[in-house]
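Okay, upload_10.csv now, which holds CSV, C-alpha atoms:
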```csv
chain,number,residue,atom,x,y,z
A,1,MET,CA,0.0,0.0,0.0
A,2,GLN,CA,2.9,2.4,0.6
A,3,ILE,CA,4.0,2.0,-3.0
A,4,GLY,CA,0.4,2.4,-4.0
A,5,LEU,CA,0.1,5.7,-2.1
A,6,ILE,CA,3.4,6.9,-3.7
A,7,LEU,CA,2.0,6.2,-7.1
A,8,LEU,CA,-1.3,8.0,-6.2
A,9,ALA,CA,0.9,10.9,-5.2
A,10,LEU,CA,2.7,10.8,-8.5
A,11,ALA,CA,-0.7,10.7,-10.2
A,12,TYR,CA,-1.7,13.8,-8.3
A,13,VAL,CA,1.5,15.5,-9.4
A,14,LEU,CA,0.3,15.0,-12.9
A,15,SER,CA,-3.1,16.3,-12.0
A,16,GLN,CA,-1.6,19.5,-10.6
A,17,PHE,CA,0.6,19.8,-13.7
A,18,PHE,CA,-2.3,19.6,-16.1
A,19,ARG,CA,-4.4,22.2,-14.3
A,20,ALA,CA,-1.6,24.8,-14.5
A,21,PHE,CA,0.6,24.1,-17.6
A,22,LEU,CA,-1.4,26.3,-20.0
A,23,ALA,CA,-0.1,29.4,-18.2
A,24,VAL,CA,3.4,28.9,-19.8
A,25,LEU,CA,2.1,27.7,-23.2
A,26,THR,CA,0.0,30.8,-24.0
A,27,VAL,CA,2.8,32.2,-26.3
A,28,PRO,CA,3.8,29.0,-28.0
A,29,LEU,CA,0.1,28.0,-28.7
A,30,GLU,CA,-0.7,31.4,-30.0
A,31,THR,CA,2.3,31.3,-32.3
A,32,ASP,CA,1.8,27.7,-33.6
A,33,LEU,CA,-2.0,27.4,-33.6
A,34,GLY,CA,-3.3,31.0,-33.3
A,35,ILE,CA,-5.0,30.1,-29.9
A,36,THR,CA,-5.5,33.3,-27.8
A,37,PRO,CA,-5.6,33.4,-23.9
A,38,ASP,CA,-9.4,33.9,-24.0
A,39,VAL,CA,-9.7,30.5,-25.8
A,40,LEU,CA,-7.3,28.9,-23.4
A,41,ALA,CA,-9.4,30.1,-20.5
A,42,THR,CA,-12.2,28.1,-22.0
A,43,ALA,CA,-9.9,25.1,-22.3
A,44,SER,CA,-8.8,25.5,-18.7
A,45,GLY,CA,-12.5,25.8,-17.6
A,46,LEU,CA,-13.3,22.6,-19.5
A,47,TRP,CA,-10.6,20.7,-17.6
A,48,PHE,CA,-12.0,21.8,-14.3
A,49,LEU,CA,-15.7,21.2,-15.3
A,50,SER,CA,-15.0,17.7,-16.7
A,51,PHE,CA,-13.0,17.0,-13.5
A,52,ALA,CA,-15.9,18.2,-11.4
A,53,ALA,CA,-18.6,16.4,-13.4
A,54,LEU,CA,-16.8,13.1,-12.7
A,55,GLN,CA,-16.8,13.6,-8.9
A,56,ILE,CA,-20.3,12.1,-8.4
A,57,PRO,CA,-19.5,8.9,-10.4
A,58,VAL,CA,-16.1,8.8,-8.8
A,59,GLY,CA,-17.7,8.9,-5.3
A,60,TRP,CA,-19.9,6.0,-6.3
A,61,GLY,CA,-16.8,4.2,-7.7
A,62,LEU,CA,-14.8,4.7,-4.5
A,63,ASP,CA,-17.6,3.3,-2.3
A,64,THR,CA,-18.4,0.4,-4.5
A,65,LEU,CA,-15.5,-0.5,-6.8
A,66,GLY,CA,-12.7,0.8,-4.6
A,67,PRO,CA,-9.9,3.4,-5.3
A,68,ARG,CA,-7.6,1.0,-7.2
A,69,ARG,CA,-9.8,0.4,-10.2
A,70,THR,CA,-11.6,3.8,-10.1
A,71,SER,CA,-8.3,5.8,-10.2
A,72,GLY,CA,-6.2,3.4,-12.3
A,73,TRP,CA,-8.5,3.0,-15.3
A,74,LEU,CA,-9.6,6.6,-15.6
A,75,LEU,CA,-6.0,7.9,-15.4
A,76,LEU,CA,-4.9,5.3,-18.0
A,77,ILE,CA,-7.6,6.1,-20.6
A,78,GLY,CA,-8.4,9.8,-19.8
A,79,GLY,CA,-5.0,11.1,-18.8
A,80,GLY,CA,-2.9,9.1,-21.2
A,81,GLY,CA,-5.3,9.5,-24.1
A,82,GLY,CA,-6.0,13.2,-23.5
A,83,ALA,CA,-2.3,14.1,-23.3
A,84,ALA,CA,-1.6,12.2,-26.5
A,85,LEU,CA,-4.5,14.0,-28.3
A,86,PHE,CA,-3.1,17.4,-27.0
A,87,ALA,CA,0.3,16.5,-28.5
A,88,LEU,CA,-1.4,15.8,-31.9
A,89,ALA,CA,-3.8,18.8,-31.7
A,90,GLN,CA,-4.1,21.1,-34.8
A,91,SER,CA,-7.3,23.0,-33.8
A,92,VAL,CA,-9.1,24.6,-30.9
A,93,MET,CA,-11.6,21.8,-30.8
A,94,GLN,CA,-8.9,19.1,-30.4
A,95,ILE,CA,-7.4,21.2,-27.6
A,96,HIS,CA,-10.8,21.4,-25.9
A,97,ILE,CA,-11.4,17.6,-26.2
A,98,ALA,CA,-8.0,16.8,-24.9
A,99,MET,CA,-8.5,19.0,-21.9
A,100,ILE,CA,-11.8,17.3,-21.2
A,101,LEU,CA,-10.2,13.8,-21.4
A,102,ILE,CA,-7.3,14.9,-19.2
A,103,GLY,CA,-9.8,16.3,-16.6
A,104,ILE,CA,-11.6,13.0,-16.6
A,105,GLY,CA,-8.4,11.1,-16.1
A,106,CYS,CA,-7.2,13.3,-13.2
A,107,ALA,CA,-10.6,13.3,-11.5
A,108,PRO,CA,-10.2,10.4,-9.1
A,109,VAL,CA,-6.6,10.4,-8.1
A,110,LEU,CA,-6.7,12.8,-5.1
A,111,MET,CA,-10.1,11.5,-3.9
A,112,ALA,CA,-8.8,7.9,-4.0
A,113,SER,CA,-6.0,9.0,-1.6
A,114,PHE,CA,-8.5,10.8,0.6
A,115,TYR,CA,-10.7,7.8,0.7
A,116,ILE,CA,-7.9,5.6,1.8
A,117,PHE,CA,-6.9,8.1,4.5
A,118,ALA,CA,-10.5,8.4,5.7
A,119,ARG,CA,-11.0,4.7,5.8
A,120,THR,CA,-7.6,3.6,7.2
A,121,PHE,CA,-6.2,6.3,9.5
A,122,PRO,CA,-7.6,8.1,12.6
A,123,PRO,CA,-9.8,11.1,11.8
A,124,ALA,CA,-7.5,13.5,13.7
A,125,ARG,CA,-4.8,12.8,11.2
A,126,PHE,CA,-6.9,13.3,8.1
A,127,ALA,CA,-6.1,17.1,7.6
A,128,THR,CA,-2.4,16.5,8.0
A,129,LEU,CA,-2.3,13.5,5.6
A,130,ALA,CA,-4.5,15.4,3.1
A,131,ALA,CA,-2.3,18.5,3.2
A,132,LEU,CA,0.8,16.3,2.8
A,133,MET,CA,-0.6,14.6,-0.3
A,134,ILE,CA,-1.6,18.0,-1.8
A,135,GLY,CA,1.8,19.5,-0.9
A,136,VAL,CA,3.6,16.6,-2.6
A,137,GLY,CA,1.2,16.9,-5.6
A,138,THR,CA,1.8,20.6,-5.9
A,139,LEU,CA,5.2,19.6,-7.2
A,140,GLY,CA,3.2,19.3,-10.4
A,141,ASN,CA,2.8,23.1,-10.3
A,142,LEU,CA,6.5,23.4,-10.1
A,143,MET,CA,6.9,21.2,-13.1
A,144,SER,CA,4.4,23.2,-15.1
A,145,SER,CA,6.2,26.5,-14.5
A,146,TYR,CA,9.8,27.0,-15.5
A,147,PRO,CA,10.6,23.4,-16.4
A,148,MET,CA,7.6,23.3,-18.8
A,149,ALA,CA,8.6,26.6,-20.3
A,150,PHE,CA,12.2,25.3,-20.7
A,151,ALA,CA,10.9,22.1,-22.3
A,152,ALA,CA,8.6,24.0,-24.7
A,153,GLN,CA,11.7,26.1,-25.8
A,154,THR,CA,14.0,23.1,-26.2
A,155,ILE,CA,12.2,19.9,-27.3
A,156,GLY,CA,8.9,21.7,-28.2
A,157,TRP,CA,5.5,21.5,-26.4
A,158,ARG,CA,4.3,18.5,-28.5
A,159,ALA,CA,7.3,16.3,-27.5
A,160,ALA,CA,6.7,17.4,-23.9
A,161,LEU,CA,3.1,16.3,-24.1
A,162,TRP,CA,4.1,12.9,-25.5
A,163,LEU,CA,6.3,12.4,-22.5
A,164,LEU,CA,3.5,13.3,-20.2
A,165,ALA,CA,1.1,10.8,-22.0
A,166,ILE,CA,3.7,8.0,-21.4
A,167,GLY,CA,4.0,9.1,-17.8
A,168,CYS,CA,0.2,8.9,-17.3
A,169,VAL,CA,0.1,5.4,-18.7
A,170,LEU,CA,3.0,4.1,-16.6
A,171,VAL,CA,1.6,5.6,-13.3
A,172,ALA,CA,-1.9,4.3,-14.0
A,173,LEU,CA,-0.5,0.7,-14.6
A,174,GLY,CA,1.4,1.0,-11.4
A,175,ILE,CA,-1.7,2.0,-9.5
A,176,LEU,CA,-3.6,-0.9,-10.9
A,177,ALA,CA,-0.8,-3.2,-9.8
A,178,THR,CA,-0.1,-1.9,-6.3
A,179,VAL,CA,-3.0,-0.1,-4.6
A,180,ARG,CA,-5.0,-2.2,-2.1
A,181,ASP,CA,-8.6,-1.2,-1.5
A,182,PRO,CA,-9.5,-0.7,2.2
A,183,ALA,CA,-12.1,-3.0,3.8
A,184,LYS,CA,-15.6,-1.9,3.3
A,185,PRO,CA,-17.6,-0.7,6.3
A,186,GLU,CA,-19.4,-3.4,8.3
A,187,GLY,CA,-23.1,-3.6,8.1
A,188,ASN,CA,-25.6,-2.9,5.3
A,189,ALA,CA,-26.0,0.8,5.7
A,190,GLN,CA,-27.5,2.4,2.6
A,191,GLY,CA,-27.4,6.0,1.4
A,192,SER,CA,-26.8,8.3,-1.4
A,193,LEU,CA,-25.5,11.7,-2.3
A,194,LEU,CA,-29.0,13.1,-1.5
A,195,ASP,CA,-28.5,12.1,2.1
A,196,LEU,CA,-25.4,14.4,2.3
A,197,LEU,CA,-27.2,17.2,0.5
A,198,ARG,CA,-30.0,17.0,3.1
A,199,MET,CA,-27.4,18.0,5.8
A,200,PRO,CA,-28.0,21.7,6.6
A,201,VAL,CA,-24.5,22.0,8.2
A,202,LEU,CA,-22.9,21.5,4.8
A,203,TRP,CA,-24.8,24.3,3.0
A,204,LEU,CA,-22.9,27.0,4.9
A,205,MET,CA,-19.6,25.5,3.9
A,206,LEU,CA,-20.3,24.9,0.2
A,207,PRO,CA,-20.2,28.5,-1.0
A,208,LEU,CA,-16.6,28.9,0.3
A,209,ALA,CA,-15.8,25.5,-1.1
A,210,VAL,CA,-16.9,26.8,-4.5
A,211,VAL,CA,-14.7,29.9,-4.4
A,212,ASN,CA,-11.8,28.9,-2.2
A,213,TYR,CA,-9.6,27.3,-4.9
A,214,ALA,CA,-10.8,29.6,-7.7
A,215,PRO,CA,-8.2,32.4,-7.2
A,216,ILE,CA,-5.2,30.1,-7.3
A,217,GLY,CA,-6.8,27.8,-9.9
A,218,ALA,CA,-7.6,30.7,-12.2
A,219,LEU,CA,-4.4,32.8,-11.6
A,220,ARG,CA,-1.8,30.1,-11.4
A,221,GLY,CA,-3.7,27.9,-13.9
A,222,LEU,CA,-3.7,30.6,-16.6
A,223,TRP,CA,-3.9,34.3,-16.0
A,224,ILE,CA,-0.5,34.8,-14.3
A,225,GLY,CA,1.1,34.3,-17.8
A,226,PRO,CA,-0.9,36.8,-19.9
A,227,TYR,CA,-1.0,39.3,-17.0
A,228,LEU,CA,2.8,39.5,-16.6
A,229,SER,CA,3.3,39.5,-20.3
A,230,ASP,CA,0.7,42.2,-21.2
A,231,VAL,CA,1.3,44.5,-18.2
A,232,PHE,CA,5.1,44.1,-17.6
A,233,ALA,CA,6.3,42.6,-20.9
A,234,LEU,CA,7.8,39.6,-19.3
A,235,ASN,CA,9.0,36.8,-21.7
A,236,VAL,CA,8.3,33.1,-21.5
A,237,SER,CA,11.4,32.3,-19.3
A,238,GLN,CA,10.5,35.1,-16.8
A,239,ILE,CA,6.9,34.0,-16.6
A,240,GLY,CA,8.2,30.5,-15.9
A,241,VAL,CA,10.2,31.8,-13.0
A,242,ALA,CA,7.1,33.8,-11.7
A,243,THR,CA,4.9,30.7,-11.9
A,244,LEU,CA,7.6,28.8,-10.1
A,245,VAL,CA,7.6,31.3,-7.2
A,246,MET,CA,3.8,31.1,-6.9
A,247,SER,CA,3.9,27.3,-7.1
A,248,VAL,CA,6.5,27.1,-4.2
A,249,ALA,CA,4.2,29.4,-2.2
A,250,MET,CA,1.3,27.1,-2.8
A,251,ILE,CA,3.3,24.1,-1.6
A,252,LEU,CA,4.5,25.9,1.6
A,253,GLY,CA,0.9,27.1,2.2
A,254,THR,CA,-0.5,23.6,1.9
A,255,LEU,CA,2.1,22.1,4.3
A,256,ALA,CA,1.6,25.0,6.8
A,257,TYR,CA,-2.2,24.4,6.8
A,258,GLY,CA,-1.9,20.7,7.5
A,259,PRO,CA,-1.3,20.6,11.3
A,260,LEU,CA,-2.9,23.9,12.2
A,261,ASP,CA,-6.3,22.4,13.0
A,262,ARG,CA,-4.7,20.2,15.7
A,263,ILE,CA,-2.4,22.9,17.0
A,264,LEU,CA,-5.1,25.6,17.2
A,265,GLY,CA,-8.0,23.3,18.1
A,266,THR,CA,-10.2,24.6,15.3
A,267,ARG,CA,-10.7,24.0,11.6
A,268,LYS,CA,-13.3,26.7,10.8
A,269,TRP,CA,-11.2,29.6,11.9
A,270,VAL,CA,-8.0,28.3,10.3
A,271,VAL,CA,-9.9,28.2,7.0
A,272,PHE,CA,-11.6,31.6,7.6
A,273,GLY,CA,-8.4,33.4,8.6
A,274,GLY,CA,-6.4,32.1,5.6
A,275,ASN,CA,-9.0,32.9,3.1
A,276,PHE,CA,-9.5,36.4,4.5
A,277,ALA,CA,-5.8,37.0,4.1
A,278,ALA,CA,-6.1,35.8,0.4
A,279,PHE,CA,-9.0,38.3,0.0
A,280,ILE,CA,-6.8,41.2,1.3
A,281,LEU,CA,-4.0,40.2,-1.1
A,282,LEU,CA,-6.5,40.2,-4.1
A,283,VAL,CA,-7.6,43.7,-3.1
A,284,LEU,CA,-3.9,44.8,-3.0
A,285,LEU,CA,-3.5,43.3,-6.5
A,286,VAL,CA,-6.4,45.5,-7.7
A,287,MET,CA,-4.8,48.6,-6.1
A,288,PHE,CA,-1.2,48.0,-7.3
A,289,SER,CA,-1.9,46.0,-10.5
A,290,ASN,CA,0.7,47.9,-12.7
A,291,ALA,CA,3.1,49.3,-10.0
A,292,ASN,CA,5.9,46.8,-10.3
A,293,ALA,CA,6.4,43.2,-11.6
A,294,TRP,CA,8.1,41.9,-8.5
A,295,LEU,CA,5.4,43.3,-6.3
A,296,ALA,CA,2.8,41.7,-8.5
A,297,ILE,CA,4.6,38.3,-8.3
A,298,ALA,CA,4.9,38.6,-4.5
A,299,LEU,CA,1.2,39.4,-4.1
A,300,LEU,CA,0.3,36.4,-6.4
A,301,ALA,CA,2.6,34.2,-4.3
A,302,GLY,CA,0.7,35.4,-1.2
A,303,VAL,CA,-2.6,34.5,-2.7
A,304,GLY,CA,-1.1,31.0,-3.5
A,305,PHE,CA,0.1,30.6,0.1
A,306,PHE,CA,-3.0,31.7,1.9
A,307,GLY,CA,-5.4,30.2,-0.7
A,308,SER,CA,-4.2,26.7,-0.2
A,309,SER,CA,-6.7,25.8,2.6
A,310,PHE,CA,-8.8,23.3,0.6
A,311,PRO,CA,-7.6,20.2,2.5
A,312,VAL,CA,-8.7,21.7,5.8
A,313,ILE,CA,-12.1,22.6,4.3
A,314,ILE,CA,-12.5,18.9,3.3
A,315,ALA,CA,-11.3,17.8,6.8
A,316,HIS,CA,-13.9,20.2,8.3
A,317,ALA,CA,-16.7,18.7,6.2
A,318,ARG,CA,-15.4,15.1,6.7
A,319,GLY,CA,-16.3,15.4,10.4
A,320,PHE,CA,-20.0,15.3,9.4
A,321,PHE,CA,-19.9,12.4,6.9
A,322,PRO,CA,-21.2,8.9,7.9
A,323,GLU,CA,-18.6,6.2,7.3
A,324,HIS,CA,-20.6,4.4,4.5
A,325,LEU,CA,-20.8,7.7,2.5
A,326,MET,CA,-17.2,8.7,3.0
A,327,GLY,CA,-16.3,8.4,-0.7
A,328,ARG,CA,-19.4,10.3,-1.8
A,329,GLY,CA,-18.7,12.9,0.8
A,330,VAL,CA,-15.1,13.8,-0.1
A,331,THR,CA,-16.0,13.8,-3.8
A,332,LEU,CA,-19.0,16.1,-3.2
A,333,MET,CA,-16.7,18.7,-1.6
A,334,ASN,CA,-14.2,18.2,-4.5
A,335,LEU,CA,-17.1,18.6,-7.0
A,336,PHE,CA,-17.9,22.1,-5.6
A,337,GLY,CA,-14.3,23.1,-5.2
A,338,ILE,CA,-13.1,22.1,-8.7
A,339,GLY,CA,-16.4,22.9,-10.4
A,340,GLY,CA,-16.3,26.4,-9.0
A,341,VAL,CA,-12.9,26.9,-10.6
A,342,GLY,CA,-14.3,25.7,-14.0
A,343,LEU,CA,-17.3,28.0,-13.9
A,344,MET,CA,-15.2,30.9,-12.8
A,345,GLN,CA,-12.7,30.3,-15.5
A,346,PHE,CA,-15.4,30.7,-18.1
A,347,GLY,CA,-16.3,34.0,-16.3
A,348,THR,CA,-12.8,35.3,-16.2
A,349,GLY,CA,-12.4,34.6,-19.9
A,350,ARG,CA,-15.5,36.7,-20.7
A,351,ILE,CA,-14.3,39.4,-18.3
A,352,HIS,CA,-11.0,39.5,-20.1
A,353,SER,CA,-12.7,39.9,-23.5
A,354,ALA,CA,-15.0,42.6,-22.2
A,355,TRP,CA,-12.2,44.8,-20.8
A,356,SER,CA,-9.6,44.2,-23.6
A,357,GLY,CA,-8.7,47.2,-25.7
A,358,GLN,CA,-8.4,49.5,-22.7
A,359,ALA,CA,-5.4,49.9,-20.4
A,360,PRO,CA,-3.1,46.9,-20.4
A,361,ASP,CA,-4.0,46.1,-16.8
A,362,ALA,CA,-7.7,46.7,-17.1
A,363,PRO,CA,-8.8,43.1,-17.9
A,364,TYR,CA,-6.7,41.8,-15.1
A,365,VAL,CA,-8.0,44.3,-12.5
A,366,ALA,CA,-11.5,43.3,-13.5
A,367,ILE,CA,-10.5,39.6,-12.9
A,368,PHE,CA,-8.9,40.4,-9.6
A,369,VAL,CA,-12.1,42.2,-8.5
A,370,PHE,CA,-14.3,39.3,-9.6
A,371,LEU,CA,-12.2,36.8,-7.6
A,372,ALA,CA,-12.0,39.0,-4.5
A,373,VAL,CA,-15.8,39.7,-4.4
A,374,SER,CA,-16.5,35.9,-4.9
A,375,LEU,CA,-14.2,35.0,-2.0
A,376,ALA,CA,-15.8,37.6,0.2
A,377,VAL,CA,-19.3,36.2,-0.4
A,378,GLY,CA,-18.0,32.7,0.4
A,379,LEU,CA,-16.6,33.9,3.7
A,380,LEU,CA,-19.9,35.5,4.7
A,381,PHE,CA,-21.6,32.1,4.5
A,382,TYR,CA,-18.7,30.2,6.1
A,383,ALA,CA,-18.5,32.5,9.1
A,384,ARG,CA,-21.9,31.0,10.3
A,385,SER,CA,-20.8,27.3,9.8
A,386,ARG,CA,-20.3,24.9,12.7
A,387,ASP,CA,-16.8,23.9,13.7
A,388,THR,CA,-15.6,20.3,14.0
A,389,ARG,CA,-12.9,18.7,16.3
A,390,ASP,CA,-11.7,15.2,16.7
```
Let's see the structure in the file written out as structure tokens.
Amino acid sequence: MQIGLILLALAYVLSQFFRAFLAVLTVPLETDLGITPDVLATASGLWFLSFAALQIPVGWGLDTLGPRRTSGWLLLIGGGGGAALFALAQSVMQIHIAMILIGIGCAPVLMASFYIFARTFPPARFATLAALMIGVGTLGNLMSSYPMAFAAQTIGWRAALWLLAIGCVLVALGILATVRDPAKPEGNAQGSLLDLLRMPVLWLMLPLAVVNYAPIGALRGLWIGPYLSDVFALNVSQIGVATLVMSVAMILGTLAYGPLDRILGTRKWVVFGGNFAAFILLVLLVMFSNANAWLAIALLAGVGFFGSSFPVIIAHARGFFPEHLMGRGVTLMNLFGIGGVGLMQFGTGRIHSAWSGQAPDAPYVAIFVFLAVSLAVGLLFYARSRDTRD
């Protein structure tokens, strides 16, 4: 099982890579295929929406088929096949289909790990283990920054995607060979997703779950590249360094969040405080959007650090899930978290189009305002939620 968890971590590294690699390919894809950042925002949104749409069937799969088959087969077919199609793509439609397939392939890997943690380890360790898994997986963000930019400039983006397709296939085969499914809960308890949605306690948490990951998903996943290029005239290598800085901040933030619920004795206020700090940093981005490139990168890194609280949000909700619905519960939270990013990426693409043609920073200021207001609304609901402790 240790080898299986390592392979699931590698699969999550790939998942993190694929949600962020478009940020450094905006220039090569526009040069080779004429694909603009607005179109790539749609492609990024399709990745997140296909990922989110799979969460309900993935939850059923984890509770019935187990994490080994659910994650292994989807990564093999969706991840490997989608990356191969991206490498061959000659049109916008092929890019969109490839991103949908890759989103499907990546959909189960983190939740498979969370399911194993929830069914195998004590509840008090869930947030730490979840944060550790996400922290390791965020290495994919590092790979999708300067290393991907370097690969695109040396071997070409198509060759890099072929290597990623091979990596998906090998990791998926390893998962199928090594992961061991936890024993199913004793008894014949029945239930469905509707039982979870009937729990009022979750409804005050879901709005923040929808918007929590959206700032770092949207900014690190795409807009950091066009923003730094259009406003500060940074080149591909410099953008690669900037995305690397934000990725490191996200890793450090995730690892910092992990033990805080046990140290401070609260999950709710750990999440609230971190997301309020991310809101303040987004406001500062609005105020100083064109002041200085390094200041902008520092503020984006701060958003990455404080916005990495998603594992604690899932740990907070996990305290309310019945054991026999654990798979459906963690995937429900992931559905709202990742689905929120997908929907908001569609929104940011349209905002960018609407404000283009004005000052270079105008489209990005509008995006920062949109993300900040969304986060503030989520915090207003979350402030009334009920805390959980183990």
**Prompt:** If we count all atoms listed in the file, what is near range 317-323 of chain A at a cut-off of 8 Å, once residues fewer than 2 positions away on the same chain are taken out, given as a list in words?
**Reply:**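 The contact residues come out as Arg119, Pro123, Pro185, Leu196, Leu202, Met205, Ile313, Ile314, Ala315, Leu325, Met326, Gly329, Val330, Met333, Thr388, Arg389 and Asp390 of chain A.
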**Item:** For Asp32 in chain A: contacts at 12 Å, all atoms listed in the file, fewer than 5 positions along chain excluded, given as a PyMOL selection string
**Value:** chain A and resi 25-27+89-92+152+156-158
Proximity of range 319-357 of chain A to range 18-24 of chain A: per-residue shortest pair, 12 Å limit, all atoms listed in the file, as a Markdown table:
```
| residue | atom | partner | partner_atom | distance |
| --- | --- | --- | --- | --- |
| A:Ile338 | CA | A:Arg19 | CA | 10.3 |
| A:Val341 | CA | A:Arg19 | CA | 10.4 |
| A:Gly342 | CA | A:Arg19 | CA | 10.5 |
| A:Gln345 | CA | A:Arg19 | CA | 11.7 |
```
**Request:** Quick one: residues within 10 Å of (-5.4, 35.8, 3.4) (file frame), counting all atoms listed in the file, please, as number ranges by chain.
**Result:** A: 271-282, 302-308
**Item:** Pairwise distance for CA of Ala130 in chain A and CA of Leu255 in chain A, rounded to one decimal in Å
**Value:**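 So the two atoms, CA of Ala130 in chain A and CA of Leu255 in chain A, lie 9.5 Å apart.
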**Request:** For Val365 in chain A, list every protein, DNA or RNA residue within 12 Å, evaluated using only C-alpha atoms, and leave out those in the same chain fewer than 6 positions away; present the list as a PyMOL selection string.
**Result:** chain A and resi 223+227+231+282-290+296+348+351-352+355-356+358-359+371-372
N, CA and C atoms modelled onto range 87-105 of chain A, as a JSON list (two decimals), keeping the file's coordinate frame:
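rebuild29.json, freshly written:
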```json
[["chain", "number", "residue", "atom", "x", "y", "z"],
["A", 87, "ALA", "N", -0.95, 16.45, -27.74],
["A", 87, "ALA", "CA", 0.30, 16.50, -28.50],
["A", 87, "ALA", "C", 0.08, 16.48, -29.99],
["A", 88, "LEU", "N", -1.04, 15.91, -30.43],
["A", 88, "LEU", "CA", -1.40, 15.80, -31.90],
["A", 88, "LEU", "C", -2.23, 17.00, -32.35],
["A", 89, "ALA", "N", -2.71, 17.83, -31.43],
["A", 89, "ALA", "CA", -3.80, 18.80, -31.70],
["A", 89, "ALA", "C", -3.33, 19.79, -32.83],
["A", 90, "GLN", "N", -4.30, 20.07, -33.73],
["A", 90, "GLN", "CA", -4.10, 21.10, -34.80],
["A", 90, "GLN", "C", -5.20, 22.13, -34.76],
["A", 91, "SER", "N", -6.16, 22.02, -33.84],
["A", 91, "SER", "CA", -7.30, 23.00, -33.80],
["A", 91, "SER", "C", -7.72, 23.21, -32.38],
["A", 92, "VAL", "N", -8.53, 24.26, -32.23],
["A", 92, "VAL", "CA", -9.10, 24.60, -30.90],
["A", 92, "VAL", "C", -9.94, 23.45, -30.38],
["A", 93, "MET", "N", -10.76, 22.84, -31.24],
["A", 93, "MET", "CA", -11.60, 21.80, -30.80],
["A", 93, "MET", "C", -10.85, 20.59, -30.24],
["A", 94, "GLN", "N", -9.75, 20.24, -30.89],
["A", 94, "GLN", "CA", -8.90, 19.10, -30.40],
["A", 94, "GLN", "C", -8.30, 19.47, -29.04],
["A", 95, "ILE", "N", -7.89, 20.73, -28.86],
["A", 95, "ILE", "CA", -7.40, 21.20, -27.60],
["A", 95, "ILE", "C", -8.45, 21.02, -26.48],
["A", 96, "HIS", "N", -9.67, 21.44, -26.81],
["A", 96, "HIS", "CA", -10.80, 21.40, -25.90],
["A", 96, "HIS", "C", -11.08, 19.91, -25.49],
["A", 97, "ILE", "N", -11.16, 19.03, -26.48],
["A", 97, "ILE", "CA", -11.40, 17.60, -26.20],
["A", 97, "ILE", "C", -10.32, 17.00, -25.38],
["A", 98, "ALA", "N", -9.08, 17.36, -25.70],
["A", 98, "ALA", "CA", -8.00, 16.80, -24.90],
["A", 98, "ALA", "C", -8.03, 17.24, -23.49],
["A", 99, "MET", "N", -8.38, 18.50, -23.24],
["A", 99, "MET", "CA", -8.50, 19.00, -21.90],
["A", 99, "MET", "C", -9.60, 18.30, -21.11],
["A", 100, "ILE", "N", -10.71, 18.02, -21.79],
["A", 100, "ILE", "CA", -11.80, 17.30, -21.20],
["A", 100, "ILE", "C", -11.36, 15.89, -20.77],
["A", 101, "LEU", "N", -10.68, 15.20, -21.68],
["A", 101, "LEU", "CA", -10.20, 13.80, -21.40],
["A", 101, "LEU", "C", -9.21, 13.84, -20.23],
["A", 102, "ILE", "N", -8.30, 14.80, -20.24],
["A", 102, "ILE", "CA", -7.30, 14.90, -19.20],
["A", 102, "ILE", "C", -8.01, 15.14, -17.83],
["A", 103, "GLY", "N", -9.02, 16.02, -17.84],
["A", 103, "GLY", "CA", -9.80, 16.30, -16.60],
["A", 103, "GLY", "C", -10.44, 15.03, -16.07],
["A", 104, "ILE", "N", -11.00, 14.22, -16.98],
["A", 104, "ILE", "CA", -11.60, 13.00, -16.60],
["A", 104, "ILE", "C", -10.57, 12.02, -15.98],
["A", 105, "GLY", "N", -9.40, 11.95, -16.61],
["A", 105, "GLY", "CA", -8.40, 11.10, -16.10],
["A", 105, "GLY", "C", -7.82, 11.48, -14.75]]
```
